[in-house]
Each structure stands twice: as structure tokens, then as C-alpha cells.
$ cat model_37.csv   # CSV, N, CA and C atoms
chain,number,residue,atom,x,y,z
X,13,MET,N,-61.8,-58.3,54.0
X,13,MET,CA,-61.3,-57.1,53.3
X,13,MET,C,-62.4,-56.0,53.2
X,14,ASN,N,-62.0,-54.9,53.3
X,14,ASN,CA,-62.9,-53.8,53.3
X,14,ASN,C,-63.0,-53.1,51.9
X,15,VAL,N,-63.8,-52.2,51.7
X,15,VAL,CA,-64.0,-51.6,50.4
X,15,VAL,C,-62.8,-50.8,49.9
X,16,GLY,N,-62.0,-50.2,50.8
X,16,GLY,CA,-60.8,-49.5,50.4
X,16,GLY,C,-59.7,-50.4,49.9
X,17,GLU,N,-59.6,-51.6,50.5
X,17,GLU,CA,-58.6,-52.6,50.0
X,17,GLU,C,-59.0,-53.1,48.6
X,18,TRP,N,-60.3,-53.3,48.4
X,18,TRP,CA,-60.8,-53.8,47.1
X,18,TRP,C,-60.6,-52.7,46.1
X,19,THR,N,-60.8,-51.5,46.4
X,19,THR,CA,-60.6,-50.4,45.4
X,19,THR,C,-59.2,-50.3,45.1
X,20,GLY,N,-58.3,-50.5,46.0
X,20,GLY,CA,-56.8,-50.4,45.7
X,20,GLY,C,-56.4,-51.6,44.8
X,21,ILE,N,-56.9,-52.8,45.1
X,21,ILE,CA,-56.6,-53.9,44.3
X,21,ILE,C,-57.1,-53.8,42.9
X,22,ILE,N,-58.4,-53.3,42.7
X,22,ILE,CA,-59.0,-53.1,41.4
X,22,ILE,C,-58.2,-52.1,40.7
X,23,GLY,N,-57.8,-51.0,41.4
X,23,GLY,CA,-57.1,-49.9,40.7
X,23,GLY,C,-55.7,-50.4,40.2
X,24,SER,N,-55.1,-51.3,41.0
X,24,SER,CA,-53.8,-51.8,40.7
X,24,SER,C,-53.9,-52.7,39.5
X,25,VAL,N,-54.9,-53.6,39.5
X,25,VAL,CA,-55.1,-54.5,38.4
X,25,VAL,C,-55.5,-53.7,37.1
X,26,GLY,N,-56.3,-52.7,37.3
X,26,GLY,CA,-56.6,-51.9,36.1
X,26,GLY,C,-55.4,-51.2,35.5
X,27,GLY,N,-54.5,-50.7,36.4
X,27,GLY,CA,-53.3,-50.0,36.0
X,27,GLY,C,-52.4,-51.0,35.3
X,28,LEU,N,-52.3,-52.2,35.8
X,28,LEU,CA,-51.5,-53.2,35.1
X,28,LEU,C,-52.0,-53.6,33.8
X,29,LEU,N,-53.3,-53.8,33.7
X,29,LEU,CA,-54.0,-54.1,32.4
X,29,LEU,C,-53.8,-53.0,31.4
X,30,GLY,N,-54.0,-51.7,31.9
X,30,GLY,CA,-53.8,-50.6,31.0
X,30,GLY,C,-52.4,-50.5,30.5
X,31,GLY,N,-51.4,-50.6,31.4
X,31,GLY,CA,-50.0,-50.6,31.0
X,31,GLY,C,-49.7,-51.8,30.2
X,32,GLY,N,-50.2,-52.9,30.5
X,32,GLY,CA,-50.0,-54.1,29.7
X,32,GLY,C,-50.5,-54.0,28.3
X,33,GLY,N,-51.6,-53.3,28.2
X,33,GLY,CA,-52.2,-53.1,26.9
X,33,GLY,C,-51.3,-52.3,26.0
X,34,TRP,N,-50.6,-51.3,26.6
X,34,TRP,CA,-49.6,-50.6,25.8
X,34,TRP,C,-48.5,-51.5,25.3
X,35,PHE,N,-48.0,-52.4,26.2
X,35,PHE,CA,-46.9,-53.3,25.7
X,35,PHE,C,-47.5,-54.3,24.6
X,36,VAL,N,-48.7,-54.7,24.8
X,36,VAL,CA,-49.3,-55.6,23.8
X,36,VAL,C,-49.4,-54.9,22.5
X,37,ALA,N,-49.9,-53.6,22.5
X,37,ALA,CA,-50.0,-52.9,21.3
X,37,ALA,C,-48.7,-52.7,20.6
X,38,ARG,N,-47.7,-52.4,21.4
X,38,ARG,CA,-46.4,-52.1,20.9
X,38,ARG,C,-45.8,-53.4,20.2
X,39,ALA,N,-46.0,-54.6,20.9
X,39,ALA,CA,-45.6,-55.9,20.3
X,39,ALA,C,-46.4,-56.2,19.1
X,40,THR,N,-47.6,-55.8,19.0
X,40,THR,CA,-48.4,-56.1,17.8
X,40,THR,C,-47.9,-55.3,16.6
X,41,VAL,N,-47.6,-54.1,16.9
X,41,VAL,CA,-47.0,-53.2,15.8
X,41,VAL,C,-45.7,-53.8,15.3
X,42,ARG,N,-44.9,-54.2,16.2
X,42,ARG,CA,-43.6,-54.8,15.8
X,42,ARG,C,-43.8,-56.1,15.0
X,43,ALA,N,-44.8,-56.9,15.5
X,43,ALA,CA,-45.1,-58.1,14.7
X,43,ALA,C,-45.6,-57.8,13.3
X,44,ALA,N,-46.4,-56.8,13.2
X,44,ALA,CA,-47.0,-56.4,11.9
X,44,ALA,C,-45.9,-56.0,11.0
X,45,GLN,N,-44.9,-55.2,11.6
X,45,GLN,CA,-43.8,-54.7,10.7
X,45,GLN,C,-42.9,-55.9,10.3
X,46,ALA,N,-42.7,-56.9,11.2
X,46,ALA,CA,-41.9,-58.0,10.8
X,46,ALA,C,-42.6,-58.9,9.8
X,47,THR,N,-43.9,-59.0,9.9
X,47,THR,CA,-44.7,-59.7,8.9
X,47,THR,C,-44.6,-59.0,7.6
X,48,ALA,N,-44.7,-57.7,7.6
X,48,ALA,CA,-44.6,-57.0,6.3
X,48,ALA,C,-43.3,-57.2,5.6
X,49,ARG,N,-42.2,-57.1,6.4
X,49,ARG,CA,-40.8,-57.4,5.9
X,49,ARG,C,-40.7,-58.8,5.3
X,50,ALA,N,-41.3,-59.7,6.0
X,50,ALA,CA,-41.2,-61.1,5.6
X,50,ALA,C,-42.0,-61.3,4.3
X,51,ASN,N,-43.2,-60.6,4.2
X,51,ASN,CA,-44.0,-60.7,3.0
X,51,ASN,C,-43.2,-60.1,1.8
X,52,GLN,N,-42.5,-59.0,2.0
X,52,GLN,CA,-41.8,-58.4,1.0
X,52,GLN,C,-40.6,-59.3,0.5
X,53,ALA,N,-40.0,-59.9,1.5
X,53,ALA,CA,-38.9,-60.9,1.1
X,53,ALA,C,-39.5,-62.0,0.3
X,54,VAL,N,-40.6,-62.6,0.7
X,54,VAL,CA,-41.2,-63.7,0.0
X,54,VAL,C,-41.6,-63.2,-1.4
X,55,ALA,N,-42.1,-62.0,-1.6
X,55,ALA,CA,-42.5,-61.5,-2.9
X,55,ALA,C,-41.3,-61.4,-3.8
X,56,ALA,N,-40.2,-60.9,-3.2
X,56,ALA,CA,-39.0,-60.8,-4.0
X,56,ALA,C,-38.4,-62.1,-4.4
X,57,ILE,N,-38.5,-63.1,-3.5
X,57,ILE,CA,-38.0,-64.4,-3.8
X,57,ILE,C,-38.9,-65.1,-4.9
X,58,GLN,N,-40.2,-64.8,-4.8
X,58,GLN,CA,-41.1,-65.4,-5.8
X,58,GLN,C,-41.0,-64.7,-7.2
X,59,ALA,N,-40.6,-63.4,-7.2
X,59,ALA,CA,-40.5,-62.7,-8.4
X,59,ALA,C,-39.2,-63.1,-9.2
X,60,ALA,N,-38.2,-63.6,-8.5
X,60,ALA,CA,-37.0,-63.9,-9.1
X,60,ALA,C,-37.2,-65.1,-10.1
X,61,PRO,N,-37.9,-66.2,-9.8
X,61,PRO,CA,-38.1,-67.2,-10.8
X,61,PRO,C,-38.9,-66.8,-12.0
X,62,GLN,N,-39.8,-65.8,-11.8
X,62,GLN,CA,-40.6,-65.3,-12.9
X,62,GLN,C,-39.7,-64.5,-13.8
X,63,ALA,N,-38.8,-63.7,-13.3
X,63,ALA,CA,-37.9,-63.0,-14.1
X,63,ALA,C,-37.0,-63.9,-14.9
X,64,ARG,N,-36.5,-65.0,-14.2
X,64,ARG,CA,-35.7,-66.0,-14.9
X,64,ARG,C,-36.5,-66.7,-16.0
X,65,ALA,N,-37.7,-67.0,-15.7
X,65,ALA,CA,-38.6,-67.7,-16.7
X,65,ALA,C,-38.7,-66.8,-17.9
X,66,GLN,N,-38.9,-65.5,-17.7
X,66,GLN,CA,-39.0,-64.6,-18.9
X,66,GLN,C,-37.7,-64.5,-19.7
X,67,GLU,N,-36.6,-64.5,-19.0
X,67,GLU,CA,-35.3,-64.5,-19.6
X,67,GLU,C,-35.1,-65.8,-20.4
X,68,PHE,N,-35.5,-66.9,-19.8
X,68,PHE,CA,-35.4,-68.2,-20.5
X,68,PHE,C,-36.3,-68.3,-21.7
X,69,ALA,N,-37.5,-67.7,-21.6
X,69,ALA,CA,-38.4,-67.7,-22.7
X,69,ALA,C,-37.8,-66.9,-23.9
X,70,VAL,N,-37.1,-65.8,-23.6
X,70,VAL,CA,-36.5,-65.0,-24.7
X,70,VAL,C,-35.4,-65.8,-25.3
X,71,LEU,N,-34.6,-66.5,-24.4
X,71,LEU,CA,-33.5,-67.3,-24.9
X,71,LEU,C,-34.0,-68.4,-25.8
X,72,GLU,N,-35.1,-69.1,-25.4
X,72,GLU,CA,-35.7,-70.2,-26.2
X,72,GLU,C,-36.1,-69.7,-27.5
X,73,ALA,N,-36.8,-68.5,-27.6
X,73,ALA,CA,-37.3,-67.9,-28.8
X,73,ALA,C,-36.1,-67.6,-29.7
X,74,THR,N,-35.0,-67.1,-29.2
X,74,THR,CA,-33.8,-66.8,-30.0
X,74,THR,C,-33.2,-68.0,-30.5
X,75,VAL,N,-33.1,-69.1,-29.7
X,75,VAL,CA,-32.6,-70.3,-30.2
X,75,VAL,C,-33.4,-70.9,-31.4
X,76,ARG,N,-34.8,-70.9,-31.2
X,76,ARG,CA,-35.7,-71.3,-32.3
X,76,ARG,C,-35.5,-70.6,-33.5
X,77,ARG,N,-35.3,-69.2,-33.4
X,77,ARG,CA,-35.1,-68.4,-34.6
X,77,ARG,C,-33.8,-68.7,-35.3
X,78,VAL,N,-32.8,-68.9,-34.5
X,78,VAL,CA,-31.5,-69.2,-35.1
X,78,VAL,C,-31.5,-70.6,-35.7
X,79,ASP,N,-32.1,-71.5,-35.1
X,79,ASP,CA,-32.3,-72.9,-35.7
X,79,ASP,C,-33.0,-72.8,-37.0
X,80,GLU,N,-34.1,-72.0,-37.1
X,80,GLU,CA,-34.8,-71.9,-38.3
X,80,GLU,C,-33.9,-71.3,-39.4
X,81,GLU,N,-33.2,-70.2,-39.1
X,81,GLU,CA,-32.3,-69.5,-40.0
X,81,GLU,C,-31.2,-70.5,-40.5
X,82,ASN,N,-30.7,-71.3,-39.6
X,82,ASN,CA,-29.6,-72.2,-40.0
X,82,ASN,C,-30.2,-73.3,-40.9
X,83,GLY,N,-31.4,-73.8,-40.6
X,83,GLY,CA,-32.0,-74.7,-41.5
X,83,GLY,C,-32.2,-74.2,-42.9
X,84,SER,N,-32.7,-72.9,-42.9
X,84,SER,CA,-32.9,-72.3,-44.2
X,84,SER,C,-31.5,-72.1,-45.0
X,85,LEU,N,-30.5,-71.7,-44.2
X,85,LEU,CA,-29.2,-71.5,-44.9
X,85,LEU,C,-28.6,-72.9,-45.3
X,86,ARG,N,-28.8,-73.9,-44.6
X,86,ARG,CA,-28.3,-75.2,-45.0
X,86,ARG,C,-29.0,-75.7,-46.2
X,87,GLY,N,-30.3,-75.4,-46.3
X,87,GLY,CA,-31.1,-75.8,-47.5
X,87,GLY,C,-30.6,-75.0,-48.7
X,88,ARG,N,-30.4,-73.7,-48.6
X,88,ARG,CA,-29.8,-72.9,-49.7
X,88,ARG,C,-28.4,-73.4,-50.1
X,89,MET,N,-27.6,-73.7,-49.1
X,89,MET,CA,-26.2,-74.1,-49.4
X,89,MET,C,-26.3,-75.5,-50.1
X,90,SER,N,-27.1,-76.4,-49.7
X,90,SER,CA,-27.2,-77.7,-50.4
X,90,SER,C,-27.7,-77.5,-51.8
X,91,ARG,N,-28.6,-76.6,-52.0
X,91,ARG,CA,-29.1,-76.3,-53.4
X,91,ARG,C,-28.0,-75.7,-54.2
X,92,LEU,N,-27.2,-74.8,-53.7
X,92,LEU,CA,-26.1,-74.1,-54.4
X,92,LEU,C,-25.1,-75.2,-54.7
X,93,GLU,N,-24.7,-76.1,-53.8
X,93,GLU,CA,-23.8,-77.1,-54.1
X,93,GLU,C,-24.3,-78.0,-55.3
X,94,ALA,N,-25.5,-78.3,-55.3
X,94,ALA,CA,-26.1,-79.1,-56.4
X,94,ALA,C,-26.0,-78.4,-57.7
X,95,ILE,N,-26.2,-77.1,-57.7
X,95,ILE,CA,-26.1,-76.3,-58.9
X,95,ILE,C,-24.7,-76.3,-59.4
X,96,VAL,N,-23.7,-76.1,-58.5
X,96,VAL,CA,-22.3,-76.1,-58.9
X,96,VAL,C,-21.9,-77.4,-59.5
X,97,ARG,N,-22.3,-78.5,-58.9
X,97,ARG,CA,-22.0,-79.9,-59.4
X,97,ARG,C,-22.6,-80.0,-60.8
X,98,ALA,N,-23.9,-79.6,-61.0
X,98,ALA,CA,-24.5,-79.7,-62.3
X,98,ALA,C,-23.8,-78.9,-63.3
X,99,PHE,N,-23.4,-77.7,-63.0
X,99,PHE,CA,-22.8,-76.8,-63.9
X,99,PHE,C,-21.4,-77.3,-64.3
X,100,ALA,N,-20.7,-77.9,-63.3
X,100,ALA,CA,-19.3,-78.5,-63.5
X,100,ALA,C,-19.4,-79.6,-64.5
X,101,SER,N,-20.4,-80.5,-64.3
X,101,SER,CA,-20.5,-81.7,-65.2
X,101,SER,C,-21.0,-81.2,-66.6
X,102,THR,N,-21.8,-80.2,-66.6
X,102,THR,CA,-22.2,-79.6,-67.9
X,102,THR,C,-21.1,-79.0,-68.7
X,103,THR,N,-20.3,-78.2,-68.1
X,103,THR,CA,-19.1,-77.6,-68.7
X,103,THR,C,-18.1,-78.6,-69.1
X,104,ASP,N,-17.9,-79.7,-68.3
X,104,ASP,CA,-17.0,-80.8,-68.6
X,104,ASP,C,-17.5,-81.5,-69.8
X,105,ARG,N,-18.7,-81.7,-69.9
X,105,ARG,CA,-19.3,-82.4,-71.1
X,105,ARG,C,-19.1,-81.5,-72.4
X,106,TRP,N,-19.3,-80.2,-72.2
X,106,TRP,CA,-19.1,-79.3,-73.4
X,106,TRP,C,-17.6,-79.3,-73.8
X,107,ALA,N,-16.7,-79.3,-72.8
X,107,ALA,CA,-15.3,-79.3,-73.1
X,107,ALA,C,-14.9,-80.6,-73.9
X,108,ARG,N,-15.5,-81.8,-73.5
X,108,ARG,CA,-15.2,-83.0,-74.2
X,108,ARG,C,-15.7,-83.0,-75.6
X,109,GLN,N,-16.9,-82.4,-75.8
X,109,GLN,CA,-17.5,-82.3,-77.1
X,109,GLN,C,-16.6,-81.4,-78.0
X,110,MET,N,-16.1,-80.3,-77.4
X,110,MET,CA,-15.2,-79.4,-78.2
X,110,MET,C,-13.9,-80.2,-78.6
X,111,ASN,N,-13.3,-81.0,-77.7
X,111,ASN,CA,-12.1,-81.8,-78.0
X,111,ASN,C,-12.4,-82.8,-79.1
X,112,ARG,N,-13.5,-83.4,-79.1
X,112,ARG,CA,-13.9,-84.4,-80.1
X,112,ARG,C,-14.0,-83.7,-81.5
X,113,ALA,N,-14.5,-82.4,-81.4
X,113,ALA,CA,-14.7,-81.7,-82.7
X,113,ALA,C,-13.4,-81.0,-83.1
X,114,GLY,N,-12.3,-81.2,-82.4
X,114,GLY,CA,-11.0,-80.7,-82.8
X,114,GLY,C,-10.8,-79.2,-82.3
X,115,ILE,N,-11.7,-78.7,-81.4
X,115,ILE,CA,-11.6,-77.4,-80.9
X,115,ILE,C,-11.0,-77.5,-79.5
X,116,GLU,N,-9.9,-76.8,-79.3
X,116,GLU,CA,-9.2,-76.8,-78.0
X,116,GLU,C,-9.9,-75.7,-77.1
X,117,PRO,N,-10.6,-76.1,-76.0
X,117,PRO,CA,-11.2,-75.1,-75.1
X,117,PRO,C,-10.1,-74.4,-74.3
X,118,GLU,N,-10.4,-73.2,-73.8
X,118,GLU,CA,-9.5,-72.5,-73.0
X,118,GLU,C,-9.4,-73.2,-71.7
X,119,PRO,N,-8.3,-73.1,-71.0
X,119,PRO,CA,-8.1,-73.8,-69.7
X,119,PRO,C,-9.1,-73.2,-68.7
X,120,PRO,N,-9.6,-74.1,-67.8
X,120,PRO,CA,-10.6,-73.6,-66.8
X,120,PRO,C,-9.9,-72.7,-65.8
X,121,HIS,N,-10.7,-72.0,-65.1
X,121,HIS,CA,-10.3,-71.1,-64.0
X,121,HIS,C,-9.7,-72.1,-62.9
X,122,PRO,N,-8.6,-71.6,-62.2
X,122,PRO,CA,-8.0,-72.5,-61.2
X,122,PRO,C,-9.0,-73.0,-60.1
X,123,LEU,N,-10.0,-72.2,-59.8
X,123,LEU,CA,-11.0,-72.7,-58.8
X,123,LEU,C,-11.8,-73.9,-59.4
X,124,VAL,N,-12.1,-73.8,-60.7
X,124,VAL,CA,-12.9,-74.8,-61.4
X,124,VAL,C,-12.0,-76.1,-61.4
X,125,ASP,N,-10.7,-75.9,-61.8
X,125,ASP,CA,-9.8,-77.0,-61.9
X,125,ASP,C,-9.7,-77.7,-60.5
X,126,GLU,N,-9.6,-76.9,-59.4
X,126,GLU,CA,-9.5,-77.5,-58.1
X,126,GLU,C,-10.8,-78.2,-57.7
X,127,TYR,N,-11.9,-77.7,-58.1
X,127,TYR,CA,-13.2,-78.3,-57.8
X,127,TYR,C,-13.3,-79.7,-58.5
X,128,ASN,N,-12.8,-79.7,-59.8
X,128,ASN,CA,-12.9,-80.9,-60.6
X,128,ASN,C,-11.9,-82.0,-60.0
X,129,ARG,N,-10.8,-81.5,-59.4
X,129,ARG,CA,-9.9,-82.5,-58.8
X,129,ARG,C,-10.4,-83.0,-57.4
X,130,THR,N,-10.9,-82.1,-56.6
X,130,THR,CA,-11.2,-82.4,-55.2
X,130,THR,C,-12.7,-82.6,-54.9
X,131,GLY,N,-13.6,-82.0,-55.7
X,131,GLY,CA,-15.0,-82.0,-55.4
X,131,GLY,C,-15.4,-81.0,-54.3
X,132,VAL,N,-14.5,-80.2,-54.0
X,132,VAL,CA,-14.8,-79.2,-52.9
X,132,VAL,C,-14.6,-77.8,-53.5
$ encode --input "model_37.csv" --output "C-alpha cells"
Amino acid sequence: MNVGEWTGIIGSVGGLLGGGGWFVARATVRAAQATARANQAVAAIQAAPQARAQEFAVLEATVRRVDEENGSLRGRMSRLEAIVRAFASTTDRWARQMNRAGIEPEPPHPLVDEYNRTGV
């Protein structure tokens, strides 16, 4: 082979490599864009459980607060029922004392009479 042939071959190879470089660069840009889209999708997927975890934490806090309030209300209701029972037995005792002394007490309120009969 002579010098002219070698020059032609080297020029052709250089042209192919130069043109090939353009295709490689273009493919690299597309790959980078695809990677960026994939990373965004992964970030969105990973953010969803964190948002759910925050919502769940709010729900748990609300349930704890409602449970505490219910416990407090149950305690107050129990105390109120004990006071009503104590008052009912006290007034019943006073009514019996009045009857023994010959004093006729006034009839009780219908709700009191119902409580004395049913306990509710």
C-alpha cells in the first residue's frame, strides 16, 4: 500500500470515529435523561410511604387523644353514678325516718322513682 491509500483509510476511520462520537454523545444524553426520569420516579415512590407514615402518625395521635378523653369521661361518669346512688340511698333513708316520725314526705320525682325501681 502506498501513502495515498493509507491516508484515505486513516481519513475514513477518522470520519467514522468522529461521526460515531456524535452518535455516542447523543445516546449518552438520552441515557442521562432516562436515568433522571427513573430517579424522579424512584423519589416519588419513596416519598409516598413517608407521606403515609405522617398521615398514620397523625391518626395514631388522634386515637390516643380520643382514648384519653374517653377514659376521663368514663371516670367522671362512674363517679357521677356513685354520687347518684349515694344521694338516692340518703334520700330514701330520710324518707323512712320521716315516715317513722309520722311525717308523710312528698312523692319523689318520676325520674327518682324510676331510678329506685330499675337502678338506671
$ atom_distance --input "model_37.csv" --atom1 "atom N of Arg129 in chain X" --atom2 "atom C of Ala100 in chain X"
10.2 Å
$ atom_distance --input "model_37.csv" --atom1 "atom N of Gly131 in chain X" --atom2 "atom N of Leu92 in chain X"
15.5 Å
$ atom_distance --input "model_37.csv" --atom1 "CA of Leu123 in chain X" --atom2 "CA of Arg97 in chain X"
13.2 Å
$ decode --input "model_37.csv" --residues "range 55-120 of chain X" --atoms "C-alpha atoms" --output "CSV table (one decimal), in the first residue's frame"
chain,number,residue,atom,x,y,z
X,55,ALA,CA,-38.0,9.6,44.6
X,56,ALA,CA,-41.8,9.8,44.1
X,57,ILE,CA,-42.3,6.2,45.1
X,58,GLN,CA,-40.1,6.6,48.1
X,59,ALA,CA,-41.9,9.8,49.2
X,60,ALA,CA,-45.3,8.1,49.2
X,61,PRO,CA,-44.6,5.8,52.2
X,62,GLN,CA,-43.2,8.8,54.1
X,63,ALA,CA,-46.4,10.8,53.4
X,64,ARG,CA,-48.5,7.8,54.5
X,65,ALA,CA,-46.3,7.4,57.6
X,66,GLN,CA,-47.0,11.1,58.5
X,67,GLU,CA,-50.8,10.6,58.0
X,68,PHE,CA,-50.6,7.4,60.1
X,69,ALA,CA,-48.8,9.3,62.9
X,70,VAL,CA,-51.5,12.0,62.9
X,71,LEU,CA,-54.1,9.2,63.1
X,72,GLU,CA,-52.3,7.5,65.9
X,73,ALA,CA,-52.1,10.8,67.9
X,74,THR,CA,-55.8,11.4,67.3
X,75,VAL,CA,-56.7,7.9,68.5
X,76,ARG,CA,-54.5,8.3,71.6
X,77,ARG,CA,-56.2,11.7,72.4
X,78,VAL,CA,-59.7,10.3,72.0
X,79,ASP,CA,-58.8,7.3,74.1
X,80,GLU,CA,-57.5,9.6,76.9
X,81,GLU,CA,-60.7,11.7,76.7
X,82,ASN,CA,-62.9,8.6,76.7
X,83,GLY,CA,-61.0,7.3,79.8
X,84,SER,CA,-61.5,10.6,81.5
X,85,LEU,CA,-65.2,10.7,80.6
X,86,ARG,CA,-65.7,7.1,81.8
X,87,GLY,CA,-64.1,8.0,85.1
X,88,ARG,CA,-66.3,11.1,85.6
X,89,MET,CA,-69.4,9.1,84.6
X,90,SER,CA,-68.5,6.4,87.1
X,91,ARG,CA,-68.1,9.0,89.8
X,92,LEU,CA,-71.4,10.7,88.9
X,93,GLU,CA,-73.2,7.3,89.1
X,94,ALA,CA,-71.7,6.7,92.5
X,95,ILE,CA,-72.9,10.1,93.7
X,96,VAL,CA,-76.4,9.5,92.4
X,97,ARG,CA,-76.5,6.1,94.2
X,98,ALA,CA,-75.3,7.7,97.4
X,99,PHE,CA,-77.8,10.5,97.1
X,100,ALA,CA,-80.7,8.1,96.3
X,101,SER,CA,-79.9,5.9,99.4
X,102,THR,CA,-79.6,9.0,101.6
X,103,THR,CA,-82.9,10.5,100.5
X,104,ASP,CA,-84.5,7.0,100.9
X,105,ARG,CA,-83.2,6.8,104.4
X,106,TRP,CA,-84.6,10.3,105.2
X,107,ALA,CA,-88.0,9.4,103.7
X,108,ARG,CA,-88.1,6.3,106.0
X,109,GLN,CA,-87.1,8.5,109.0
X,110,MET,CA,-89.9,10.9,108.2
X,111,ASN,CA,-92.4,8.0,107.9
X,112,ARG,CA,-91.4,6.6,111.3
X,113,ALA,CA,-91.9,10.1,112.8
X,114,GLY,CA,-95.4,10.3,111.3
X,115,ILE,CA,-94.5,12.9,108.6
X,116,GLU,CA,-95.6,12.0,105.1
X,117,PRO,CA,-92.9,13.1,102.6
X,118,GLU,CA,-93.8,14.4,99.2
X,119,PRO,CA,-93.8,11.8,96.4
X,120,PRO,CA,-90.4,11.6,94.6
